[in-house]
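Visitor: You'll find my_file.csv just under this line, and it carries CSV, C-alpha atoms.
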```
chain,number,residue,atom,x,y,z
E,132,MET,CA,120.6,109.9,113.2
E,133,ARG,CA,117.1,109.3,111.8
E,134,MET,CA,114.1,110.3,113.8
E,135,ARG,CA,111.8,107.5,115.0
E,136,PRO,CA,108.4,107.8,113.4
E,137,THR,CA,106.7,108.3,116.7
E,138,GLU,CA,108.8,111.4,117.3
E,139,ASN,CA,106.4,113.1,114.9
E,140,LEU,CA,103.6,112.4,117.3
E,141,SER,CA,102.9,113.8,120.8
E,142,ARG,CA,102.7,111.7,123.9
E,143,ASN,CA,101.0,114.4,125.9
E,144,THR,CA,97.4,113.1,125.5
E,145,ASP,CA,95.7,116.0,127.4
E,146,ALA,CA,97.5,118.6,125.3
E,147,VAL,CA,96.7,116.8,122.0
E,148,ALA,CA,93.1,116.4,123.0
E,149,ASP,CA,92.8,120.1,123.7
E,150,SER,CA,94.5,121.0,120.5
E,151,LEU,CA,92.3,118.7,118.4
E,152,ALA,CA,89.2,120.1,120.1
E,153,ALA,CA,90.4,123.6,119.2
E,154,MET,CA,91.1,122.7,115.6
E,155,ILE,CA,87.6,121.2,115.2
E,156,LYS,CA,86.1,124.3,116.8
E,157,ARG,CA,88.0,126.6,114.4
E,158,GLU,CA,87.0,124.6,111.3
E,159,LEU,CA,83.4,124.8,112.3
E,160,ALA,CA,83.3,128.4,113.4
E,161,THR,CA,86.0,130.5,111.7
E,162,TYR,CA,86.9,128.5,108.6
E,163,SER,CA,83.6,126.9,107.9
E,164,CYS,CA,82.3,126.8,104.3
E,165,TYR,CA,81.0,123.3,104.6
E,166,GLY,CA,77.3,124.3,104.7
E,167,TYR,CA,77.5,125.5,101.1
E,168,ASP,CA,77.0,123.4,98.0
E,169,GLY,CA,80.4,123.9,96.5
E,170,TYR,CA,81.3,126.5,93.9
E,171,LEU,CA,81.6,124.1,91.0
E,172,ASN,CA,78.4,122.3,92.0
E,173,LEU,CA,76.6,125.7,91.8
E,174,SER,CA,78.3,126.3,88.5
E,175,ALA,CA,77.0,123.0,87.1
E,176,SER,CA,73.4,124.1,87.8
E,177,ASN,CA,74.1,127.2,85.7
E,178,PRO,CA,76.3,126.2,82.7
E,179,THR,CA,76.5,129.8,81.5
E,180,MET,CA,78.2,130.9,84.7
E,181,ALA,CA,81.5,129.0,84.6
E,182,MET,CA,84.1,127.3,82.5
E,183,VAL,CA,86.2,126.0,85.3
E,184,THR,CA,86.0,122.3,86.0
E,185,ALA,CA,87.2,119.9,88.7
E,186,GLY,CA,89.8,118.7,86.2
E,187,ASP,CA,91.2,122.2,85.9
E,188,ARG,CA,91.5,122.4,89.6
E,189,LYS,CA,93.3,119.1,89.8
E,190,GLN,CA,95.8,120.1,87.2
E,191,LEU,CA,96.6,123.2,89.2
E,192,VAL,CA,97.0,121.3,92.4
E,193,ASP,CA,99.5,119.0,90.6
E,194,TRP,CA,101.4,122.1,89.3
E,195,CYS,CA,101.5,123.5,92.9
E,196,TYR,CA,102.9,120.2,94.2
E,197,SER,CA,105.5,120.2,91.5
E,198,ILE,CA,106.6,123.7,92.5
E,199,VAL,CA,106.9,123.0,96.3
E,200,ASP,CA,108.7,119.7,95.5
E,201,GLN,CA,111.2,121.5,93.3
E,202,CYS,CA,111.7,124.2,96.0
E,203,LYS,CA,111.9,121.5,98.7
E,204,LEU,CA,109.0,123.0,100.6
E,205,SER,CA,106.2,121.2,102.4
E,206,ARG,CA,103.2,119.9,100.5
E,207,GLU,CA,101.2,121.2,103.5
E,208,SER,CA,101.6,124.6,101.8
E,209,VAL,CA,99.6,123.4,98.8
E,210,ALA,CA,96.8,122.1,101.1
E,211,SER,CA,96.7,125.5,102.8
E,212,ALA,CA,96.7,127.3,99.5
E,213,MET,CA,93.8,125.3,98.0
E,214,GLU,CA,91.8,125.6,101.2
E,215,MET,CA,92.1,129.4,100.9
E,216,ALA,CA,91.3,129.5,97.2
E,217,ASP,CA,88.3,127.1,97.7
E,218,ARG,CA,87.0,129.0,100.6
E,219,PHE,CA,87.3,132.3,98.8
E,220,LEU,CA,85.2,131.0,95.9
E,221,ASP,CA,82.7,129.1,98.0
E,222,MET,CA,81.7,131.6,100.6
E,223,PRO,CA,79.7,134.8,100.0
E,224,SER,CA,82.0,137.7,99.1
E,225,ASN,CA,82.5,140.4,101.6
E,226,SER,CA,83.1,143.2,99.0
E,227,ALA,CA,82.2,144.1,95.5
E,228,ASN,CA,85.8,143.6,94.4
E,229,ALA,CA,85.9,140.1,95.9
E,230,ALA,CA,82.6,139.2,94.3
E,231,ARG,CA,83.9,140.4,90.9
E,232,VAL,CA,87.1,138.5,91.2
E,233,SER,CA,85.3,135.3,92.4
E,234,ASP,CA,82.9,135.5,89.4
E,235,ASP,CA,85.8,136.1,87.0
E,236,ALA,CA,87.7,133.1,88.4
E,237,LEU,CA,84.8,130.8,87.8
E,238,ARG,CA,84.2,132.0,84.3
E,239,ASP,CA,87.8,132.3,83.1
E,240,VAL,CA,90.4,129.5,83.7
E,241,CYS,CA,93.2,132.0,83.4
E,242,LYS,CA,91.8,134.0,86.4
E,243,PHE,CA,91.3,130.8,88.3
E,244,GLN,CA,94.9,130.0,87.6
E,245,LEU,CA,96.0,133.4,88.9
E,246,LEU,CA,93.9,133.0,92.1
E,247,THR,CA,95.5,129.6,92.8
E,248,ILE,CA,99.0,130.9,92.1
E,249,ALA,CA,98.3,133.9,94.5
E,250,ALA,CA,97.0,131.5,97.1
E,251,LEU,CA,100.2,129.3,96.9
E,252,TYR,CA,102.3,132.5,97.0
E,253,ALA,CA,100.5,133.6,100.2
E,254,SER,CA,100.6,130.1,101.7
E,255,ILE,CA,104.3,129.8,101.3
E,256,LYS,CA,104.8,133.1,103.1
E,257,ILE,CA,102.5,132.0,105.9
E,258,ASN,CA,103.7,128.5,106.4
E,259,GLU,CA,107.3,128.2,105.3
E,260,LYS,CA,110.6,129.4,106.9
E,261,VAL,CA,111.9,130.4,103.5
E,262,VAL,CA,109.9,133.0,101.5
E,263,ILE,CA,109.9,133.1,97.7
E,264,SER,CA,109.9,136.7,96.4
E,265,SER,CA,107.1,137.8,94.1
E,266,ASP,CA,109.7,138.3,91.3
E,267,LEU,CA,110.9,134.8,91.6
E,268,PHE,CA,107.4,133.5,91.8
E,269,ALA,CA,106.5,135.3,88.5
E,270,GLU,CA,109.6,133.7,87.0
E,271,ILE,CA,108.5,130.3,88.2
E,272,CYS,CA,105.2,130.9,86.5
E,273,SER,CA,107.1,131.7,83.3
E,274,HIS,CA,105.9,135.3,83.5
E,275,VAL,CA,102.4,134.3,82.4
E,276,TYR,CA,101.3,136.7,85.1
E,277,THR,CA,103.2,139.8,86.3
E,278,VAL,CA,104.5,140.5,89.8
E,279,GLU,CA,101.8,143.2,90.2
E,280,GLU,CA,99.0,140.8,89.1
E,281,ILE,CA,100.1,138.1,91.6
E,282,GLU,CA,100.5,140.6,94.4
E,283,ASP,CA,97.1,142.3,93.7
E,284,MET,CA,95.3,138.9,93.6
E,285,GLU,CA,97.0,137.9,96.8
E,286,LEU,CA,95.7,141.0,98.6
E,287,THR,CA,92.2,140.5,97.1
E,288,LEU,CA,92.2,136.9,98.3
E,289,LEU,CA,93.4,137.7,101.9
E,290,ASN,CA,90.9,140.6,102.2
E,291,GLY,CA,88.1,138.4,100.9
E,292,LEU,CA,89.0,135.9,103.6
E,293,CYS,CA,89.2,138.6,106.2
E,294,TRP,CA,92.9,137.5,106.6
E,295,ARG,CA,91.8,134.2,108.1
E,296,CYS,CA,94.5,132.1,106.6
E,297,HIS,CA,95.5,129.5,109.2
E,298,ALA,CA,92.9,126.8,108.8
E,299,PRO,CA,93.9,123.4,110.2
E,300,THR,CA,94.9,120.9,107.5
E,301,ALA,CA,93.8,117.3,107.3
E,302,ASN,CA,97.4,116.1,107.9
E,303,GLN,CA,97.6,118.2,111.1
E,304,VAL,CA,94.3,116.7,112.4
E,305,GLY,CA,95.4,113.3,111.3
E,306,LEU,CA,98.7,113.5,113.3
E,307,SER,CA,96.6,114.5,116.4
E,308,ILE,CA,94.3,111.5,115.9
E,309,LEU,CA,97.3,109.2,115.7
E,310,SER,CA,98.9,110.8,118.7
E,311,LEU,CA,95.8,110.0,120.7
E,312,LEU,CA,96.1,106.3,119.6
E,313,LEU,CA,99.8,106.2,120.5
E,314,PRO,CA,99.7,105.5,124.3
E,315,TYR,CA,97.2,102.7,123.9
E,316,VAL,CA,98.6,100.6,121.0
E,317,ASP,CA,101.8,98.6,121.3
E,318,ILE,CA,103.0,98.3,117.7
E,319,PRO,CA,106.5,98.5,116.1
E,320,GLU,CA,108.0,101.8,115.0
E,321,VAL,CA,108.0,100.6,111.4
E,322,THR,CA,104.2,100.2,111.6
E,323,TRP,CA,103.9,103.7,113.1
E,324,GLY,CA,106.0,104.9,110.2
E,325,PHE,CA,103.6,103.2,107.7
E,326,LEU,CA,100.6,104.8,109.4
E,327,ILE,CA,102.0,108.3,109.4
E,328,ASP,CA,103.4,108.2,105.9
E,329,GLU,CA,100.2,106.6,104.4
E,330,MET,CA,98.0,109.0,106.2
E,331,LYS,CA,100.0,112.0,104.9
E,332,TYR,CA,99.9,110.6,101.3
E,333,LEU,CA,96.1,110.1,101.5
E,334,THR,CA,95.5,113.7,102.7
E,335,GLU,CA,97.7,115.0,99.9
E,336,LEU,CA,95.7,112.9,97.4
E,337,ALA,CA,92.5,114.3,98.8
E,338,VAL,CA,93.7,117.9,98.0
E,339,ARG,CA,93.6,116.9,94.3
E,340,ASP,CA,89.9,115.9,94.4
E,341,TYR,CA,87.3,118.7,94.3
E,342,TYR,CA,84.9,116.6,96.3
E,343,PHE,CA,87.1,116.9,99.4
E,344,SER,CA,87.1,120.7,99.1
E,345,THR,CA,83.5,120.5,100.3
E,346,GLN,CA,84.4,118.3,103.3
E,347,ARG,CA,85.8,119.3,106.7
E,348,ALA,CA,89.6,118.7,107.2
E,349,SER,CA,88.8,116.5,110.2
E,350,THR,CA,86.5,114.3,108.0
E,351,ILE,CA,89.3,113.9,105.5
E,352,ALA,CA,91.8,113.1,108.3
E,353,LEU,CA,89.5,110.4,109.7
E,354,ALA,CA,88.9,109.0,106.2
E,355,ALA,CA,92.7,108.7,105.7
E,356,VAL,CA,93.3,107.1,109.1
E,357,PHE,CA,90.4,104.6,108.7
E,358,ASN,CA,91.9,103.6,105.3
E,359,VAL,CA,95.4,103.3,106.6
E,360,ILE,CA,94.2,101.2,109.6
E,361,SER,CA,92.5,98.8,107.2
E,362,ASP,CA,95.9,98.1,105.6
E,363,THR,CA,97.7,97.2,108.9
E,364,SER,CA,99.1,93.8,109.0
E,365,THR,CA,97.1,91.8,111.6
E,366,LYS,CA,93.4,91.4,112.3
E,367,GLU,CA,94.1,92.1,116.0
E,368,ARG,CA,95.7,95.4,115.3
E,369,LYS,CA,92.9,96.4,112.9
E,370,GLU,CA,90.3,95.6,115.5
E,371,LEU,CA,92.1,97.4,118.3
E,372,LEU,CA,92.9,100.5,116.3
E,373,GLY,CA,89.4,100.6,114.8
E,374,ALA,CA,87.8,100.4,118.3
E,375,LEU,CA,90.0,103.2,119.7
E,376,LEU,CA,89.4,105.4,116.6
E,377,ARG,CA,85.6,105.0,117.0
E,378,LEU,CA,85.9,106.1,120.6
E,379,ILE,CA,87.8,109.2,119.5
E,380,VAL,CA,85.0,109.9,116.9
E,381,GLU,CA,82.4,109.7,119.6
E,382,TYR,CA,84.3,112.0,122.0
E,383,PHE,CA,85.0,114.9,119.6
E,384,ASP,CA,82.6,117.0,117.4
E,385,PHE,CA,83.4,115.2,114.2
E,386,ASP,CA,81.0,114.7,111.2
E,387,HIS,CA,78.2,112.3,111.2
E,388,PRO,CA,79.4,108.7,110.8
E,389,ASN,CA,77.7,108.4,107.4
E,390,GLN,CA,79.6,111.4,106.1
E,391,ILE,CA,82.9,110.0,107.4
E,392,ALA,CA,82.1,106.6,105.8
E,393,ALA,CA,81.3,108.3,102.4
E,394,ALA,CA,84.6,110.2,102.5
E,395,THR,CA,86.5,107.0,103.5
E,396,SER,CA,85.0,105.2,100.5
E,397,ARG,CA,85.8,108.0,98.2
E,398,LEU,CA,89.4,108.3,99.3
E,399,LYS,CA,89.8,104.5,99.0
E,400,SER,CA,88.7,104.6,95.4
E,401,LEU,CA,91.1,107.5,94.7
E,402,LEU,CA,93.9,105.5,96.1
E,403,LYS,CA,93.1,102.6,93.8
E,404,LYS,CA,93.0,104.9,90.8
E,405,SER,CA,96.3,106.4,91.8
E,406,GLU,CA,97.9,103.0,92.2
E,407,ASN,CA,96.6,101.9,88.8
E,408,LEU,CA,97.9,105.0,87.1
E,409,LEU,CA,101.3,104.6,88.8
E,410,GLN,CA,101.5,101.0,87.5
E,411,GLU,CA,100.6,102.1,84.0
E,412,ASP,CA,103.3,104.8,84.1
E,413,ASN,CA,105.9,102.3,85.3
E,414,ASP,CA,104.9,99.9,82.5
E,415,ASP,CA,105.3,102.7,80.0
E,416,GLU,CA,108.7,103.7,81.3
E,417,ARG,CA,109.9,100.1,81.2
E,418,SER,CA,108.7,99.8,77.6
E,419,LEU,CA,110.6,103.1,76.7
E,420,ASP,CA,113.7,101.9,78.5
E,421,ASP,CA,113.6,98.6,76.5
E,422,SER,CA,113.3,100.3,73.2
E,423,CYS,CA,115.5,103.4,73.9
E,424,PRO,CA,118.1,102.3,76.5
E,425,TRP,CA,119.9,105.7,76.1
E,426,VAL,CA,117.0,107.6,77.5
E,427,ASN,CA,117.5,109.0,81.0
E,428,SER,CA,115.1,107.6,83.5
E,429,ASP,CA,114.1,111.1,84.6
E,430,TRP,CA,113.3,112.3,81.0
E,431,ARG,CA,109.7,113.1,81.7
E,432,TRP,CA,110.5,115.3,84.7
E,433,THR,CA,113.4,117.0,82.8
E,434,VAL,CA,111.1,117.9,79.9
E,435,THR,CA,108.4,119.2,82.2
E,436,LEU,CA,110.9,121.6,83.8
E,437,ASP,CA,111.6,123.1,80.4
E,438,VAL,CA,107.9,123.9,79.7
E,439,PRO,CA,106.0,127.0,80.9
E,440,LEU,CA,104.2,125.0,83.5
E,441,VAL,CA,101.3,127.4,84.1
E,442,TYR,CA,100.6,128.3,80.5
E,443,VAL,CA,100.4,124.7,79.2
E,444,LEU,CA,97.5,123.9,81.5
E,445,PHE,CA,94.9,125.8,79.6
E,446,GLN,CA,96.5,126.9,76.4
E,447,ASN,CA,94.2,124.6,74.4
E,448,ARG,CA,91.0,125.7,76.1
```
Output the file's structure as structure tokens, nothing else.

Guide:
Amino acid sequence: MRMRPTENLSRNTDAVADSLAAMIKRELATYSCYGYDGYLNLSASNPTMAMVTAGDRKQLVDWCYSIVDQCKLSRESVASAMEMADRFLDMPSNSANAARVSDDALRDVCKFQLLTIAALYASIKINEKVVISSDLFAEICSHVYTVEEIEDMELTLLNGLCWRCHAPTANQVGLSILSLLLPYVDIPEVTWGFLIDEMKYLTELAVRDYYFSTQRASTIALAAVFNVISDTSTKERKELLGALLRLIVEYFDFDHPNQIAAATSRLKSLLKKSENLLQEDNDDERSLDDSCPWVNSDWRWTVTLDVPLVYVLFQNR
């Protein structure tokens, strides 16, 4: 029997409010790197310092998504992995070794790859019920990096973060926000399903964009929820949900409204770009099917699985 969408939310408003307040406190105190300019922004001001670009980072996020999808793991593990990697590169290093690794990762895309892979390896161990061994992880990476290199980088990453590796994700914050709305809005289960699924998709989309690595998880969550509410079916629902959401924003220690508005606009533009690309891909596939009806509809995915996924990202750099 399928779960109802609202079973993913909590009806215990007091407990949800306490949990949300605790997550916001943690992101500001323990996991905060949002007062810094961003490691790629700093690199841009000193072109001799780094080779890594936002495009490189996006490619690696997509690769990480492909891995967790193939292994039937949660995409939340990718969000957690990128949060750790971004924070490691963004914050002042706590040791000479961490500083060296951080500098190398910004100058050398292969080191940046290794850091991201180690972050995903650690995140899966932390967040999933099933653990992927380092041997299998090296095989997944087509042995571009050895088991020892992955494990050594994982240890450097965790030491550099002082083993603080449980930062709240935007999706977790978003579910708490929707849970607070639940008792006050009478809408069908199918609409709740839309809100939850679209919010989750938008938070996953945000992980791909370097801009959002410089934003608080709660800001990304609010941007996603505001965007989803704008797509609900009736004017009355939009107004009611919007009013309740603004009350929540005022009650908790969220970002300044201007910051939230900027993130909402950025996420909306990302969604439009993603939809346009998806439409182009669908058009291309239809054209291919028309000219080559014998081609399997999953041909692109099948070919991808046969390619050394990590190595191809930067082999032409």

Visitor: So, counting only C-alpha atoms, which residue among E:Arg188, E:Lys404, E:His387, E:Arg142 is closest to Asp340 of chain E?

Guide: E:Arg188

Visitor: Please measure the separation of atom CA of Val359 of chain E and atom CA of Thr137 of chain E, giving the value in Å to one decimal.

Guide: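 Separation of atom CA of Val359 of chain E and atom CA of Thr137 of chain E: 16.0 Å.
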
Visitor: For Glu370 of chain E, which of E:Ala250, E:Leu245, E:Val316, E:Leu151 is the closest residue, counting all atoms listed in the file?

Guide: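 With all atoms listed in the file as the atom set, the closest residue is E:Val316.
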
Visitor: Name all residues at most 10 Å from segment 229-231 of chain E (count only C-alpha atoms; drop same-chain ones fewer than 5 positions away) and give them as a ChimeraX atom specification.

Guide: /E:219-220,222-224,236,284,287-292

Visitor: Rounded to one decimal in Å, what is the spacing between atom CA of Val275 of chain E and atom CA of Thr247 of chain E?

Guide: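 Atom-to-atom, atom CA of Val275 of chain E to atom CA of Thr247 of chain E, that is 13.3 Å.
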
Visitor: Record the distance separating atom CA of Asp193 of chain E and atom CA of Tyr170 of chain E, expressed in Å with one decimal.

Guide: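 Going from atom CA of Asp193 of chain E over to atom CA of Tyr170 of chain E covers 20.0 Å.
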
Visitor: With only C-alpha atoms as the atoms that count, which of E:Leu402, E:Ala160, E:Met213, E:Ala374 lies nearest to Tyr315 of chain E?

Guide: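 Smallest separation from Tyr315 of chain E among the options: E:Ala374.
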
Visitor: With a distance cut-off of 12 Å and all atoms listed in the file, select the neighbouring residues of Thr363 of chain E, excluding the residue or stretch itself and same-chain residues fewer than 3 positions from it, and output the selection as a list in words.

Guide: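 That gives Ile318, Pro319, Val321, Thr322, Trp323, Gly324, Phe325, Leu326, Ile327, Glu329, Val356, Phe357, Asn358, Val359, Ile360, Lys366, Glu367, Arg368, Lys369, Glu370, Leu371, Leu372 and Gly373 of chain E.
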
Visitor: Writing N, CA, C and O atoms and nothing else, produce segment 343-356 of chain E as a PDB file, in the first residue's frame.

Guide:
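Result went into decode-v1.pdb, see below:
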```pdb
ATOM      1  N   PHE E 343      24.597  28.327  -4.829  1.00  0.00           N
ATOM      2  CA  PHE E 343      23.881  27.888  -3.635  1.00  0.00           C
ATOM      3  C   PHE E 343      24.806  27.263  -2.599  1.00  0.00           C
ATOM      4  O   PHE E 343      24.388  27.068  -1.451  1.00  0.00           O
ATOM      5  N   SER E 344      26.042  26.969  -2.958  1.00  0.00           N
ATOM      6  CA  SER E 344      26.990  26.486  -1.952  1.00  0.00           C
ATOM      7  C   SER E 344      27.383  27.612  -1.000  1.00  0.00           C
ATOM      8  O   SER E 344      27.932  27.357   0.070  1.00  0.00           O
ATOM      9  N   THR E 345      27.122  28.857  -1.398  1.00  0.00           N
ATOM     10  CA  THR E 345      27.418  30.010  -0.549  1.00  0.00           C
ATOM     11  C   THR E 345      26.184  30.467   0.236  1.00  0.00           C
ATOM     12  O   THR E 345      26.236  31.495   0.909  1.00  0.00           O
ATOM     13  N   GLN E 346      25.085  29.710   0.122  1.00  0.00           N
ATOM     14  CA  GLN E 346      23.848  30.077   0.802  1.00  0.00           C
ATOM     15  C   GLN E 346      23.528  29.074   1.914  1.00  0.00           C
ATOM     16  O   GLN E 346      23.934  27.920   1.870  1.00  0.00           O
ATOM     17  N   ARG E 347      22.778  29.529   2.896  1.00  0.00           N
ATOM     18  CA  ARG E 347      22.344  28.649   3.969  1.00  0.00           C
ATOM     19  C   ARG E 347      21.350  27.618   3.445  1.00  0.00           C
ATOM     20  O   ARG E 347      20.570  27.894   2.522  1.00  0.00           O
ATOM     21  N   ALA E 348      21.365  26.431   4.034  1.00  0.00           N
ATOM     22  CA  ALA E 348      20.410  25.393   3.635  1.00  0.00           C
ATOM     23  C   ALA E 348      18.979  25.864   3.836  1.00  0.00           C
ATOM     24  O   ALA E 348      18.088  25.560   3.024  1.00  0.00           O
ATOM     25  N   SER E 349      18.738  26.620   4.895  1.00  0.00           N
ATOM     26  CA  SER E 349      17.386  27.122   5.153  1.00  0.00           C
ATOM     27  C   SER E 349      16.950  28.125   4.092  1.00  0.00           C
ATOM     28  O   SER E 349      15.765  28.196   3.742  1.00  0.00           O
ATOM     29  N   THR E 350      17.891  28.899   3.561  1.00  0.00           N
ATOM     30  CA  THR E 350      17.561  29.844   2.494  1.00  0.00           C
ATOM     31  C   THR E 350      17.176  29.103   1.218  1.00  0.00           C
ATOM     32  O   THR E 350      16.223  29.469   0.521  1.00  0.00           O
ATOM     33  N   ILE E 351      17.926  28.047   0.907  1.00  0.00           N
ATOM     34  CA  ILE E 351      17.609  27.225  -0.266  1.00  0.00           C
ATOM     35  C   ILE E 351      16.247  26.561  -0.093  1.00  0.00           C
ATOM     36  O   ILE E 351      15.442  26.513  -1.032  1.00  0.00           O
ATOM     37  N   ALA E 352      15.970  26.064   1.114  1.00  0.00           N
ATOM     38  CA  ALA E 352      14.687  25.422   1.378  1.00  0.00           C
ATOM     39  C   ALA E 352      13.535  26.401   1.175  1.00  0.00           C
ATOM     40  O   ALA E 352      12.521  26.077   0.538  1.00  0.00           O
ATOM     41  N   LEU E 353      13.680  27.592   1.714  1.00  0.00           N
ATOM     42  CA  LEU E 353      12.626  28.601   1.548  1.00  0.00           C
ATOM     43  C   LEU E 353      12.462  28.982   0.078  1.00  0.00           C
ATOM     44  O   LEU E 353      11.336  29.140  -0.403  1.00  0.00           O
ATOM     45  N   ALA E 354      13.566  29.119  -0.637  1.00  0.00           N
ATOM     46  CA  ALA E 354      13.494  29.449  -2.064  1.00  0.00           C
ATOM     47  C   ALA E 354      12.734  28.367  -2.814  1.00  0.00           C
ATOM     48  O   ALA E 354      11.900  28.660  -3.691  1.00  0.00           O
ATOM     49  N   ALA E 355      12.995  27.109  -2.469  1.00  0.00           N
ATOM     50  CA  ALA E 355      12.301  25.999  -3.121  1.00  0.00           C
ATOM     51  C   ALA E 355      10.814  26.015  -2.795  1.00  0.00           C
ATOM     52  O   ALA E 355       9.970  25.856  -3.679  1.00  0.00           O
ATOM     53  N   VAL E 356      10.474  26.222  -1.529  1.00  0.00           N
ATOM     54  CA  VAL E 356       9.065  26.210  -1.128  1.00  0.00           C
ATOM     55  C   VAL E 356       8.313  27.381  -1.749  1.00  0.00           C
ATOM     56  O   VAL E 356       7.183  27.228  -2.225  1.00  0.00           O
TER      57      VAL E 356
END
```
